[in-house]
$ cat coords31.cif   # mmCIF, C-alpha atoms and all ligand atoms
data_data
#
loop_
_atom_site.label_atom_id
_atom_site.label_comp_id
_atom_site.auth_asym_id
_atom_site.auth_seq_id
_atom_site.Cartn_x
_atom_site.Cartn_y
_atom_site.Cartn_z
CA MET A 7 -10.42 43.50 51.08
CA ARG A 8 -10.30 39.74 50.68
CA ARG A 9 -13.83 39.78 49.23
CA ILE A 10 -12.87 42.45 46.71
CA GLY A 11 -9.86 40.32 45.65
CA ILE A 12 -12.09 37.31 45.05
CA ALA A 13 -14.58 39.46 43.15
CA VAL A 14 -11.78 40.81 40.89
CA ILE A 15 -10.52 37.28 40.16
CA GLY A 16 -14.10 36.17 39.47
CA LEU A 17 -14.69 39.07 37.07
CA THR A 18 -11.39 38.43 35.25
CA VAL A 19 -12.23 34.73 34.76
CA CYS A 20 -15.70 35.74 33.56
CA VAL A 21 -14.48 38.34 31.04
CA CYS A 22 -11.62 36.19 29.67
CA GLY A 23 -13.93 33.20 29.44
CA SER A 24 -16.54 35.10 27.45
CA MET A 25 -13.84 36.53 25.14
CA ALA A 26 -12.73 32.99 24.31
CA TRP A 27 -16.33 32.07 23.53
CA ALA A 28 -16.77 35.21 21.43
CA GLN A 29 -13.83 34.14 19.21
CA MET A 30 -15.37 30.74 18.51
CA PRO A 31 -17.93 30.62 15.66
CA MET A 32 -21.41 29.94 17.07
CA GLY A 33 -22.34 26.28 17.04
CA ALA A 34 -19.15 25.20 15.22
CA ALA A 35 -16.93 22.48 16.69
CA PRO A 36 -13.21 23.39 16.78
CA ALA A 37 -11.82 22.33 13.38
CA ALA A 38 -9.62 19.20 13.42
CA ALA A 39 -6.03 19.95 12.32
CA ALA A 40 -5.86 19.00 8.62
CA LYS A 41 -3.49 16.14 7.80
CA PRO A 42 -0.75 17.57 5.57
CA LYS A 43 -0.97 15.59 2.33
CA ALA A 44 2.15 13.59 1.50
CA PRO A 45 2.88 13.11 -2.23
CA LEU A 46 1.56 9.80 -3.57
CA SER A 47 3.96 6.88 -3.46
CA THR A 48 3.47 4.33 -6.27
CA SER A 49 6.56 2.19 -5.72
CA LEU A 50 8.82 1.06 -2.92
CA SER A 51 12.64 1.09 -3.09
CA MET A 52 14.31 -1.47 -0.86
CA THR A 53 17.99 -0.98 -0.08
CA VAL A 54 19.55 -3.92 1.70
CA THR A 55 23.24 -3.65 2.53
CA GLY A 56 23.80 -1.16 -0.28
CA LYS A 57 21.85 -2.91 -3.08
CA THR A 58 18.54 -1.32 -4.20
CA MET A 59 15.49 -3.04 -5.73
CA THR A 60 12.28 -1.20 -6.61
CA PHE A 61 8.80 -2.76 -6.42
CA THR A 62 5.69 -1.23 -8.00
CA VAL A 63 2.28 -1.62 -6.32
CA ALA A 64 1.36 -4.22 -8.98
CA GLN A 65 4.54 -6.21 -8.22
CA LEU A 66 3.89 -6.02 -4.47
CA GLU A 67 0.38 -7.38 -5.04
CA THR A 68 1.64 -10.43 -6.98
CA MET A 69 3.82 -11.48 -4.02
CA PRO A 70 2.49 -13.72 -1.17
CA GLN A 71 -0.09 -11.67 0.77
CA LYS A 72 -1.04 -11.60 4.42
CA THR A 73 -4.07 -9.96 6.02
CA ILE A 74 -3.78 -8.65 9.57
CA THR A 75 -6.30 -6.95 11.85
CA VAL A 76 -5.24 -4.06 14.07
CA ASP A 77 -6.88 -1.62 16.47
CA ASN A 78 -6.21 1.91 15.28
CA GLU A 79 -5.72 3.75 18.56
CA HIS A 80 -6.39 7.08 16.83
CA THR A 81 -9.60 6.25 14.99
CA LYS A 82 -10.68 3.66 17.61
CA ASN A 83 -11.56 1.38 14.68
CA LYS A 84 -10.57 -2.18 13.92
CA GLU A 85 -8.86 -2.10 10.55
CA SER A 86 -7.70 -4.97 8.37
CA TYR A 87 -4.70 -4.50 6.11
CA THR A 88 -3.47 -6.77 3.31
CA GLY A 89 0.03 -6.76 1.88
CA VAL A 90 3.41 -8.43 1.65
CA PRO A 91 5.14 -9.30 4.92
CA LEU A 92 8.26 -7.14 5.10
CA GLU A 93 10.31 -10.28 5.81
CA THR A 94 9.27 -11.63 2.38
CA LEU A 95 10.57 -8.45 0.74
CA LEU A 96 13.81 -8.66 2.70
CA ALA A 97 14.24 -12.23 1.47
CA GLN A 98 13.62 -11.06 -2.13
CA CYS A 99 16.45 -8.58 -1.57
CA GLY A 100 18.81 -11.29 -0.38
CA ALA A 101 18.25 -11.06 3.39
CA THR A 102 16.80 -14.44 4.31
CA TYR A 103 16.71 -15.41 7.96
CA THR A 104 18.82 -18.51 8.65
CA PRO A 105 21.07 -19.53 11.55
CA ALA A 106 23.93 -18.08 9.50
CA THR A 107 22.23 -14.67 9.04
CA GLN A 108 20.66 -14.40 12.52
CA LYS A 109 23.39 -12.04 13.77
CA MET A 110 22.88 -9.78 10.74
CA PHE A 111 19.14 -9.52 11.67
CA LEU A 112 19.95 -8.82 15.31
CA HIS A 113 22.38 -6.06 14.30
CA SER A 114 20.39 -4.33 11.55
CA THR A 115 18.13 -1.29 11.55
CA VAL A 116 15.21 -0.91 9.14
CA ARG A 117 14.56 2.72 8.26
CA ALA A 118 11.17 3.23 6.58
CA ILE A 119 10.49 6.58 4.90
CA GLY A 120 7.33 8.23 3.53
CA THR A 121 7.21 10.66 0.60
CA ASP A 122 6.87 13.50 3.16
CA GLN A 123 10.22 12.37 4.69
CA TYR A 124 8.47 11.06 7.82
CA PHE A 125 10.56 8.09 8.90
CA VAL A 126 10.62 5.39 11.57
CA ILE A 127 13.08 2.73 12.65
CA TYR A 128 12.41 -0.94 13.29
CA SER A 129 14.93 -3.56 14.25
CA ALA A 130 15.30 -6.20 11.51
CA SER A 131 14.64 -8.77 14.24
CA GLU A 132 11.15 -7.25 14.83
CA VAL A 133 10.37 -7.86 11.17
CA GLU A 134 11.51 -11.50 11.17
CA SER A 135 8.84 -13.98 12.26
CA GLY A 136 11.51 -16.44 13.42
CA LEU A 137 12.50 -13.90 16.07
CA HIS A 138 9.39 -11.81 16.80
CA ALA A 139 5.68 -12.53 17.17
CA GLY A 140 4.35 -9.31 15.64
CA ASP A 141 3.70 -8.78 11.94
CA VAL A 142 5.19 -5.93 9.92
CA ILE A 143 3.62 -5.74 6.47
CA VAL A 144 3.80 -3.48 3.42
CA ALA A 145 0.06 -3.00 2.93
CA THR A 146 -1.60 -2.04 -0.34
CA LYS A 147 -5.21 -2.63 0.79
CA MET A 148 -7.33 -1.67 3.78
CA ASN A 149 -10.55 -3.51 4.62
CA GLY A 150 -10.30 -5.22 1.21
CA GLY A 151 -10.30 -1.89 -0.68
CA SER A 152 -7.92 0.98 -1.33
CA LEU A 153 -5.89 2.75 1.35
CA GLY A 154 -7.76 6.00 0.58
CA ASP A 155 -6.01 9.12 1.89
CA ASP A 156 -3.09 7.01 3.14
CA GLY A 157 -1.84 6.50 -0.45
CA ARG A 158 -1.09 3.18 -2.20
CA ILE A 159 1.62 1.76 0.09
CA LYS A 160 1.55 1.83 3.89
CA LEU A 161 3.76 0.13 6.44
CA ILE A 162 1.76 -1.49 9.26
CA SER A 163 2.85 -3.27 12.45
CA THR A 164 0.59 -5.27 14.72
CA GLU A 165 2.38 -4.92 18.06
CA ASP A 166 2.59 -1.14 18.49
CA LYS A 167 0.12 0.51 20.89
CA LYS A 168 -0.16 3.61 18.66
CA PRO A 169 -0.09 3.89 14.86
CA ALA A 170 3.01 6.13 15.03
CA ARG A 171 5.29 3.59 13.28
CA TRP A 172 2.80 3.03 10.47
CA VAL A 173 4.13 4.94 7.47
CA ARG A 174 1.66 6.34 4.92
CA ASN A 175 2.91 6.77 1.34
CA LEU A 176 5.84 4.51 2.10
CA VAL A 177 8.51 5.11 -0.53
CA SER A 178 11.74 3.54 0.70
CA ILE A 179 13.18 1.09 3.19
CA THR A 180 16.86 0.91 4.01
CA VAL A 181 18.36 -1.95 5.98
CA THR A 182 21.73 -1.21 7.54
CA GLU A 183 23.87 -3.53 9.60
CA GLN A 184 25.31 -1.69 12.57
CA GLN A 185 28.95 -2.17 13.47
N1 LIG B 201 4.01 9.49 5.86
C1 LIG B 201 3.61 9.70 7.11
N2 LIG B 201 3.18 8.67 7.85
C2 LIG B 201 2.79 8.86 9.14
C3 LIG B 201 2.85 10.13 9.74
C4 LIG B 201 3.31 11.21 8.93
O1 LIG B 201 3.39 12.37 9.36
N3 LIG B 201 3.67 10.95 7.62
N4 LIG B 201 2.45 10.30 11.06
C5 LIG B 201 2.50 9.10 11.91
C6 LIG B 201 1.86 9.25 13.18
S1 LIG B 201 2.69 10.16 14.35
C7 LIG B 201 0.69 8.61 13.50
S2 LIG B 201 0.08 8.65 15.05
C8 LIG B 201 -0.01 7.80 12.48
C9 LIG B 201 -1.48 8.06 12.40
O2 LIG B 201 -1.67 9.40 12.12
P1 LIG B 201 -3.12 9.95 11.79
O3 LIG B 201 -3.98 9.50 12.92
O4 LIG B 201 -2.90 11.41 11.75
O5 LIG B 201 -3.52 9.35 10.51
O6 LIG B 201 0.55 7.93 11.21
C10 LIG B 201 1.93 7.87 11.19
N5 LIG B 201 2.39 7.78 9.85
MO MO B 202 1.31 10.33 16.18
#

$ encode --input "coords31.cif" --output "structure tokens" --more "lines below"
Ligand SMILES: Nc1nc2c(c(=O)[nH]1)N[C@H]1C(S)=C(S)[C@@H](COP(=O)(O)O)O[C@H]1N2
Ligand SMILES: [Mo]
Amino acid sequence: MRRIGIAVIGLTVCVCGSMAWAQMPMGAAPAAAAKPKAPLSTSLSMTVTGKTMTFTVAQLETMPQKTITVDNEHTKNKESYTGVPLETLLAQCGATYTPATQKMFLHSTVRAIGTDQYFVIYSASEVESGLHAGDVIVATKMNGGSLGDDGRIKLISTEDKKPARWVRNLVSITVTEQQ
């Protein structure tokens, strides 16, 4: 009886297993899930405490640039990105880090949104080099060339273990002081 039971289980595993194989095209690797394409972003709107300024890619590229190197945990590649440090853009929008504004940085959220509405939150103090060691940059170049499928503007941070807070086709950033 016990032997029959084992034989039935064995047969079931065998049949189900071969059905799964039968459904897979011969010799083809399972297709990677296609990245849904976000609309192209060609400018970045920065809203800092209610006031909005918009920067085109050309304007971003005339501002002081920084190149950083990161390990992309997904692609397992080292990638270099060039762009404006986000703190420089915040300063352009009137949020300069000084002893007088330190509390505002400690209390503010930075919400970064892509054209596909994907969004992430940083603390303003993570963006400010006077408070945090990592870099957060608004990149317009990868490995000295274009960003390719990632659009024209991409937010990159150096301290995250995964690229989940990197925003492709970055279109807006809103800084809000919390009460
Ligand atoms: N605009 C946009 N940016 C995004 C995402 C997204 O869906 N839309 N996904 C994020 C996530 S969860 C990851 S892990 C990284 C890298 O995703 P990829 O490996 O699919 O390129 O991009 C991030 N940036
Ligand atoms: Mo992810």

$ residues_near_ligand --input "coords31.cif" --ligand "ligand MO 202 (chain B)" --cutoff "8 Å" --atoms "only C-alpha atoms and all ligand atoms" --output "PyMOL selection string"
chain A and resi 168-170

$ write_last_selection --input "coords31.cif" --atoms "C-alpha atoms" --output "short mmCIF file (atom, residue, chain, number, x, y, z; two decimals), in the frame of the given file"
data_model
loop_
_atom_site.label_atom_id
_atom_site.label_comp_id
_atom_site.auth_asym_id
_atom_site.auth_seq_id
_atom_site.Cartn_x
_atom_site.Cartn_y
_atom_site.Cartn_z
CA LYS A 168 -0.16 3.61 18.66
CA PRO A 169 -0.09 3.89 14.86
CA ALA A 170 3.01 6.13 15.03
#

$ residues_near_ligand --input "coords31.cif" --ligand "ligand LIG 201 (chain B)" --cutoff "8 Å" --atoms "all atoms listed in the file" --output "PyMOL selection string"
chain A and resi 41-42+44+80-81+119-125+156+168-176

$ write_last_selection --input "coords31.cif" --atoms "C-alpha atoms" --output "compact mmCIF listing (two decimals), in the coordinates of the input"
# COMPACT_ATOMS: atom_id res chain seq x y z
CA LYS A 41 -3.49 16.14 7.80
CA PRO A 42 -0.75 17.57 5.57
CA ALA A 44 2.15 13.59 1.50
CA HIS A 80 -6.39 7.08 16.83
CA THR A 81 -9.60 6.25 14.99
CA ILE A 119 10.49 6.58 4.90
CA GLY A 120 7.33 8.23 3.53
CA THR A 121 7.21 10.66 0.60
CA ASP A 122 6.87 13.50 3.16
CA GLN A 123 10.22 12.37 4.69
CA TYR A 124 8.47 11.06 7.82
CA PHE A 125 10.56 8.09 8.90
CA ASP A 156 -3.09 7.01 3.14
CA LYS A 168 -0.16 3.61 18.66
CA PRO A 169 -0.09 3.89 14.86
CA ALA A 170 3.01 6.13 15.03
CA ARG A 171 5.29 3.59 13.28
CA TRP A 172 2.80 3.03 10.47
CA VAL A 173 4.13 4.94 7.47
CA ARG A 174 1.66 6.34 4.92
CA ASN A 175 2.91 6.77 1.34
CA LEU A 176 5.84 4.51 2.10

$ closest_residue --input "coords31.cif" --among "A:Val142, A:Leu153, A:Leu137, A:Ile127" --to "A:Thr182" --atoms "only C-alpha atoms"
A:Ile127

$ atom_distance --input "coords31.cif" --atom1 "atom CA of A:Lys57" --atom2 "atom CA of A:Arg117"
14.6 Å

$ residues_around --input "coords31.cif" --residues "A:Lys72" --least-positions-apart "2" --cutoff "7 Å" --atoms "only C-alpha atoms" --output "PyMOL selection string"
chain A and resi 70+74+88-91
